[in-house]
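Asks: The structure follows.
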Amino acid sequence: MYYIIRNDLKIAGATDINIPQVWENHSIISGKKIKKGLPPIEFTVKYKSTMPDFIPNIWRYIVLNEKAINAILSVCSAEDVEFHPCLLKNTVTKSINKNYFIANILNFEDVIDLGKSQIEYTDVENIIGVEKVIINSNIVNHNIFRTKNFIPLECCTQELMDKINSLNLNGIYFKPLEEYTL
């Protein structure tokens, strides 16, 4: 079974983002490797105490700490995902946390059976509605991936979800890909 990785927006998260201009030729959601050494992307957060392992945000970026990275890399290859430093500016404590990273998932999987799924398109293949998703079984080759030829969703296998849940990491939740609707 495959799961969508979702930010848990019930937990306070990032309220603002500052992407340095040098990032304009790079995209965290492109699936392409990004050169190391770019200035960190900055997120504004508001936490009085302990921050979650994954920082929820409306931009759907996977922002995580080293504990979460280690969980991912215990199941996934370093060729599946890369991590770039980011800064969390906490407006409550007036501190800057440099111990978080933004994940760039490098794999796309053609896991959605577009012919059997119930999807509504505009006249030019733009998806405007999804009623039911049918999965191509036995097609996924990676434990973490983005959907290909579909709305780009960050997904994982049961194995990765179980690892993250076993460590009680917080800030994200998982939704079965088959339950996706739009």
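Every chain in the structure tokens has a letter given in the order shown (A, B, ...), and although residue numbers restart at 1 in each chain, ligands are simply numbered from 1 in the order shown.
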With only C-alpha atoms as the counted atoms, please give the residues lying no more than 8 Å from segment 13-23 of chain A, apart from itself and same-chain residues fewer than 3 positions off, as a list in words.

Replies: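 In the requested form, the answer reads Leu9, His26, Ser27, Leu38, Pro39, Pro40, Ile41, Glu42, Phe43, Thr44, Val45, Lys46, Ile55, Pro56, Asn57 and Ile58 of chain A.
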
Asks: Okay, now the selection with N, CA and C atoms, as a PDB file, in the first residue's frame?

Replies:
```pdb
ATOM      1  N   LEU A   9      -1.418  20.026   9.634  1.00  0.00           N
ATOM      2  CA  LEU A   9      -1.691  21.449   9.833  1.00  0.00           C
ATOM      3  C   LEU A   9      -2.463  21.724  11.126  1.00  0.00           C
ATOM      4  N   HIS A  26      16.079  26.556  -9.402  1.00  0.00           N
ATOM      5  CA  HIS A  26      16.008  25.238  -8.775  1.00  0.00           C
ATOM      6  C   HIS A  26      14.612  25.069  -8.180  1.00  0.00           C
ATOM      7  N   SER A  27      14.108  23.878  -8.237  1.00  0.00           N
ATOM      8  CA  SER A  27      12.788  23.623  -7.673  1.00  0.00           C
ATOM      9  C   SER A  27      12.841  22.394  -6.792  1.00  0.00           C
ATOM     10  N   LEU A  38      23.769  26.104  -1.699  1.00  0.00           N
ATOM     11  CA  LEU A  38      22.893  27.255  -1.894  1.00  0.00           C
ATOM     12  C   LEU A  38      22.523  27.828  -0.528  1.00  0.00           C
ATOM     13  N   PRO A  39      22.265  29.127  -0.444  1.00  0.00           N
ATOM     14  CA  PRO A  39      21.843  29.692   0.840  1.00  0.00           C
ATOM     15  C   PRO A  39      20.567  29.004   1.311  1.00  0.00           C
ATOM     16  N   PRO A  40      20.403  28.849   2.615  1.00  0.00           N
ATOM     17  CA  PRO A  40      19.219  28.140   3.113  1.00  0.00           C
ATOM     18  C   PRO A  40      17.922  28.898   2.869  1.00  0.00           C
ATOM     19  N   ILE A  41      16.865  28.132   2.621  1.00  0.00           N
ATOM     20  CA  ILE A  41      15.525  28.696   2.576  1.00  0.00           C
ATOM     21  C   ILE A  41      15.131  28.981   4.019  1.00  0.00           C
ATOM     22  N   GLU A  42      14.500  30.122   4.245  1.00  0.00           N
ATOM     23  CA  GLU A  42      14.133  30.521   5.604  1.00  0.00           C
ATOM     24  C   GLU A  42      12.621  30.399   5.804  1.00  0.00           C
ATOM     25  N   PHE A  43      12.247  29.796   6.918  1.00  0.00           N
ATOM     26  CA  PHE A  43      10.852  29.688   7.309  1.00  0.00           C
ATOM     27  C   PHE A  43      10.653  30.439   8.614  1.00  0.00           C
ATOM     28  N   THR A  44       9.552  31.150   8.729  1.00  0.00           N
ATOM     29  CA  THR A  44       9.186  31.794   9.983  1.00  0.00           C
ATOM     30  C   THR A  44       8.244  30.852  10.722  1.00  0.00           C
ATOM     31  N   VAL A  45       8.553  30.591  11.993  1.00  0.00           N
ATOM     32  CA  VAL A  45       7.732  29.694  12.814  1.00  0.00           C
ATOM     33  C   VAL A  45       7.389  30.384  14.128  1.00  0.00           C
ATOM     34  N   LYS A  46       6.409  29.827  14.831  1.00  0.00           N
ATOM     35  CA  LYS A  46       5.983  30.366  16.131  1.00  0.00           C
ATOM     36  C   LYS A  46       5.805  29.205  17.106  1.00  0.00           C
ATOM     37  N   ILE A  55       8.099  20.092  10.148  1.00  0.00           N
ATOM     38  CA  ILE A  55       7.477  21.409  10.302  1.00  0.00           C
ATOM     39  C   ILE A  55       6.351  21.548   9.281  1.00  0.00           C
ATOM     40  N   PRO A  56       5.102  21.558   9.740  1.00  0.00           N
ATOM     41  CA  PRO A  56       3.988  21.728   8.812  1.00  0.00           C
ATOM     42  C   PRO A  56       4.069  23.087   8.104  1.00  0.00           C
ATOM     43  N   ASN A  57       3.630  23.107   6.846  1.00  0.00           N
ATOM     44  CA  ASN A  57       3.629  24.350   6.085  1.00  0.00           C
ATOM     45  C   ASN A  57       2.666  24.221   4.915  1.00  0.00           C
ATOM     46  N   ILE A  58       2.122  25.354   4.510  1.00  0.00           N
ATOM     47  CA  ILE A  58       1.125  25.339   3.437  1.00  0.00           C
ATOM     48  C   ILE A  58       1.745  25.131   2.060  1.00  0.00           C
TER      49      ILE A  58
END
```

Asks: Can you pull out every residue within 9 Å of segment 170-177 of chain A, counting only C-alpha atoms, but drop anything in the same chain fewer than 5 positions away, and send it as a list in words?

Replies: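 These residues fall inside the cut-off: Met1, Tyr2, Tyr3, Ile4, Ile5, Arg6, Asn7, Asp8, Leu9, Lys10, Ile11, Ala12, Gly13, Met51, Pro52, Asp53, Phe54, Ile55, Pro56, Ile62, Leu64, Val133, Ile134, Ile135, Cys155, Cys156, Met161, Ile164 and Asn165 of chain A.
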
Asks: Restrict the selected residues to N, CA and C atoms and save them as a compact mmCIF listing (two decimals), in the first residue's frame.

Replies:
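Just written: out09.txt:
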```
# COMPACT_ATOMS: atom_id res chain seq x y z
N MET A 1 0.84 -1.18 0.00
CA MET A 1 0.00 0.00 0.00
C MET A 1 0.89 1.25 0.00
N TYR A 2 0.41 2.31 -0.62
CA TYR A 2 1.17 3.55 -0.72
C TYR A 2 0.41 4.66 -0.01
N TYR A 3 1.17 5.60 0.54
CA TYR A 3 0.59 6.66 1.36
C TYR A 3 1.07 8.02 0.91
N ILE A 4 0.17 8.99 0.99
CA ILE A 4 0.54 10.38 0.75
C ILE A 4 1.12 10.92 2.05
N ILE A 5 2.24 11.61 1.95
CA ILE A 5 2.86 12.25 3.11
C ILE A 5 2.23 13.64 3.22
N ARG A 6 1.55 13.89 4.33
CA ARG A 6 0.83 15.15 4.51
C ARG A 6 1.37 15.93 5.71
N ASN A 7 1.45 17.24 5.56
CA ASN A 7 1.77 18.10 6.70
C ASN A 7 0.58 18.09 7.65
N ASP A 8 0.85 17.94 8.94
CA ASP A 8 -0.21 17.96 9.95
C ASP A 8 -0.49 19.41 10.32
N LEU A 9 -1.42 20.03 9.63
CA LEU A 9 -1.69 21.45 9.83
C LEU A 9 -2.46 21.72 11.13
N LYS A 10 -2.78 20.67 11.90
CA LYS A 10 -3.35 20.88 13.24
C LYS A 10 -2.27 21.34 14.20
N ILE A 11 -1.02 21.08 13.84
CA ILE A 11 0.12 21.53 14.63
C ILE A 11 0.57 22.86 14.03
N ALA A 12 0.89 23.81 14.88
CA ALA A 12 1.40 25.09 14.37
C ALA A 12 2.59 24.82 13.48
N GLY A 13 2.74 25.62 12.45
CA GLY A 13 3.82 25.38 11.51
C GLY A 13 4.42 26.67 11.02
N MET A 51 9.87 22.03 19.09
CA MET A 51 9.37 22.03 17.72
C MET A 51 9.15 20.58 17.26
N PRO A 52 8.20 20.36 16.35
CA PRO A 52 7.96 19.00 15.86
C PRO A 52 9.11 18.51 14.97
N ASP A 53 9.10 17.21 14.71
CA ASP A 53 10.14 16.61 13.86
C ASP A 53 9.98 17.05 12.40
N PHE A 54 8.74 17.21 11.97
CA PHE A 54 8.43 17.72 10.64
C PHE A 54 7.69 19.04 10.85
N ILE A 55 8.10 20.09 10.15
CA ILE A 55 7.48 21.41 10.30
C ILE A 55 6.35 21.55 9.28
N PRO A 56 5.10 21.56 9.74
CA PRO A 56 3.99 21.73 8.81
C PRO A 56 4.07 23.09 8.10
N ILE A 62 8.58 19.25 2.57
CA ILE A 62 8.89 18.37 3.69
C ILE A 62 10.08 18.98 4.41
N LEU A 64 12.20 18.94 7.88
CA LEU A 64 12.38 17.94 8.91
C LEU A 64 13.71 18.07 9.64
N VAL A 133 -9.12 7.01 -7.03
CA VAL A 133 -7.78 6.71 -7.54
C VAL A 133 -7.58 5.20 -7.53
N ILE A 134 -7.15 4.66 -8.66
CA ILE A 134 -6.80 3.24 -8.77
C ILE A 134 -5.29 3.16 -8.93
N ILE A 135 -4.68 2.28 -8.14
CA ILE A 135 -3.22 2.15 -8.10
C ILE A 135 -2.76 1.03 -9.02
N CYS A 155 4.77 10.75 -1.75
CA CYS A 155 4.24 9.48 -1.28
C CYS A 155 5.33 8.58 -0.72
N CYS A 156 4.89 7.55 0.00
CA CYS A 156 5.84 6.57 0.53
C CYS A 156 5.18 5.21 0.61
N MET A 161 6.37 4.50 6.15
CA MET A 161 5.37 5.01 7.07
C MET A 161 5.50 4.31 8.43
N ILE A 164 8.55 5.68 10.42
CA ILE A 164 8.31 7.01 10.99
C ILE A 164 7.33 6.91 12.16
N ASN A 165 6.27 6.14 12.00
CA ASN A 165 5.29 5.99 13.08
C ASN A 165 5.88 5.27 14.29
```

Asks: Point out the residue among A:Ile119, A:Gly129, A:Leu169, A:Glu154 with the least atom-to-atom distance to Ile105 of chain A, counting only C-alpha atoms.

Replies: A:Glu154

Asks: Please report, as number ranges by chain, each residue of segment 6-164 of chain A to which DSSP assigns strand (DSSP E) when run on this structure's backbone.

Replies: A: 6-7, 14-18, 41-45, 63-65, 81-90, 95-105, 108-109, 118-121, 127-132, 144-147, 154-157

Asks: Taking 3 positions as the minimum chain separation for residues in the same chain, which residues sit within 12 Å of Phe83 of chain A when counting only C-alpha atoms? Answer as a VMD selection string.

Replies: chain A and resid 28 33 to 38 40 to 41 61 to 66 68 to 70 72 to 73 78 to 80 86 99 to 106

Asks: Output N, CA and C atoms of each residue in that selection to a file, as a compact mmCIF listing (two decimals), in the first residue's frame.

Replies:
```txt
# COMPACT_ATOMS: atom_id res chain seq x y z
N ILE A 28 12.34 22.56 -5.58
CA ILE A 28 12.30 21.45 -4.64
C ILE A 28 11.32 20.37 -5.11
N LYS A 33 18.20 16.82 -8.99
CA LYS A 33 19.17 17.13 -7.96
C LYS A 33 19.44 18.63 -7.93
N ILE A 34 19.67 19.14 -6.75
CA ILE A 34 19.97 20.56 -6.55
C ILE A 34 21.38 20.66 -6.02
N LYS A 35 22.14 21.59 -6.60
CA LYS A 35 23.54 21.69 -6.18
C LYS A 35 23.62 22.07 -4.71
N LYS A 36 24.63 21.54 -4.05
CA LYS A 36 24.87 21.82 -2.63
C LYS A 36 25.43 23.22 -2.48
N GLY A 37 25.26 23.79 -1.30
CA GLY A 37 25.87 25.07 -0.98
C GLY A 37 25.01 26.29 -1.26
N LEU A 38 23.77 26.10 -1.70
CA LEU A 38 22.89 27.26 -1.89
C LEU A 38 22.52 27.83 -0.53
N PRO A 40 20.40 28.85 2.61
CA PRO A 40 19.22 28.14 3.11
C PRO A 40 17.92 28.90 2.87
N ILE A 41 16.87 28.13 2.62
CA ILE A 41 15.53 28.70 2.58
C ILE A 41 15.13 28.98 4.02
N TYR A 61 6.14 21.58 1.44
CA TYR A 61 7.53 21.14 1.52
C TYR A 61 7.68 20.20 2.71
N ILE A 62 8.58 19.25 2.57
CA ILE A 62 8.89 18.37 3.69
C ILE A 62 10.08 18.98 4.41
N VAL A 63 9.82 19.61 5.54
CA VAL A 63 10.84 20.27 6.36
C VAL A 63 10.99 19.42 7.61
N LEU A 64 12.20 18.94 7.88
CA LEU A 64 12.38 17.94 8.91
C LEU A 64 13.71 18.07 9.64
N ASN A 65 13.78 17.44 10.82
CA ASN A 65 15.02 17.47 11.60
C ASN A 65 15.85 16.22 11.31
N GLU A 66 17.01 16.12 11.97
CA GLU A 66 17.92 15.00 11.71
C GLU A 66 17.34 13.66 12.13
N ALA A 68 14.26 12.74 11.88
CA ALA A 68 13.38 12.33 10.78
C ALA A 68 14.19 11.91 9.55
N ILE A 69 15.28 12.64 9.27
CA ILE A 69 16.15 12.26 8.15
C ILE A 69 16.70 10.86 8.36
N ASN A 70 17.18 10.58 9.58
CA ASN A 70 17.74 9.25 9.87
C ASN A 70 16.69 8.16 9.69
N ILE A 72 14.15 8.24 7.58
CA ILE A 72 13.96 8.09 6.13
C ILE A 72 15.13 7.31 5.52
N LEU A 73 16.35 7.69 5.88
CA LEU A 73 17.52 7.05 5.29
C LEU A 73 17.73 5.61 5.78
N ALA A 78 20.09 7.14 -0.27
CA ALA A 78 20.46 8.54 -0.42
C ALA A 78 20.24 9.01 -1.86
N GLU A 79 20.06 8.07 -2.79
CA GLU A 79 19.75 8.42 -4.18
C GLU A 79 18.26 8.74 -4.37
N ASP A 80 17.45 8.43 -3.37
CA ASP A 80 16.01 8.67 -3.46
C ASP A 80 15.62 10.08 -3.04
N CYS A 86 17.91 24.43 5.96
CA CYS A 86 17.02 25.58 5.99
C CYS A 86 17.12 26.22 7.38
N ASN A 99 18.97 23.42 12.56
CA ASN A 99 18.98 21.96 12.60
C ASN A 99 17.84 21.32 11.82
N TYR A 100 17.30 22.04 10.85
CA TYR A 100 16.23 21.51 10.01
C TYR A 100 16.65 21.56 8.55
N PHE A 101 16.01 20.70 7.76
CA PHE A 101 16.37 20.55 6.36
C PHE A 101 15.09 20.46 5.53
N ILE A 102 15.22 20.74 4.25
CA ILE A 102 14.10 20.59 3.33
C ILE A 102 14.43 19.42 2.41
N ALA A 103 13.48 18.51 2.27
CA ALA A 103 13.69 17.28 1.49
C ALA A 103 13.37 17.54 0.02
N ASN A 104 14.20 17.02 -0.85
CA ASN A 104 13.96 17.03 -2.29
C ASN A 104 13.87 15.57 -2.74
N ILE A 105 12.65 15.13 -2.99
CA ILE A 105 12.43 13.74 -3.42
C ILE A 105 12.80 13.64 -4.90
N LEU A 106 13.67 12.69 -5.22
CA LEU A 106 14.25 12.60 -6.56
C LEU A 106 13.58 11.59 -7.48
```

Asks: For Ser74 of chain A, which residue out of A:Asn143, A:Asn149, A:Thr93, A:Asn138 is the nearest one, using only C-alpha atoms?

Replies: A:Asn143

Asks: Report the distance between atom CA of Ser30 of chain A and atom CA of Asn168 of chain A in Å, rounded to one decimal place.

Replies: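 A separation of 29.2 Å between them.
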
Asks: Of the candidates A:Leu182, A:Asn97, A:Lys67, A:Lys163, which one gets nearest to Tyr121 of chain A if we count only C-alpha atoms?

Replies: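 Distance minimum relative to Tyr121 of chain A lands on A:Leu182.
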
Asks: Could you check how far atom CA of Leu114 of chain A sits from atom CA of Arg60 of chain A, in Å to one decimal?

Replies: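 Computing the Euclidean distance for atom CA of Leu114 of chain A and atom CA of Arg60 of chain A yields 23.4 Å.
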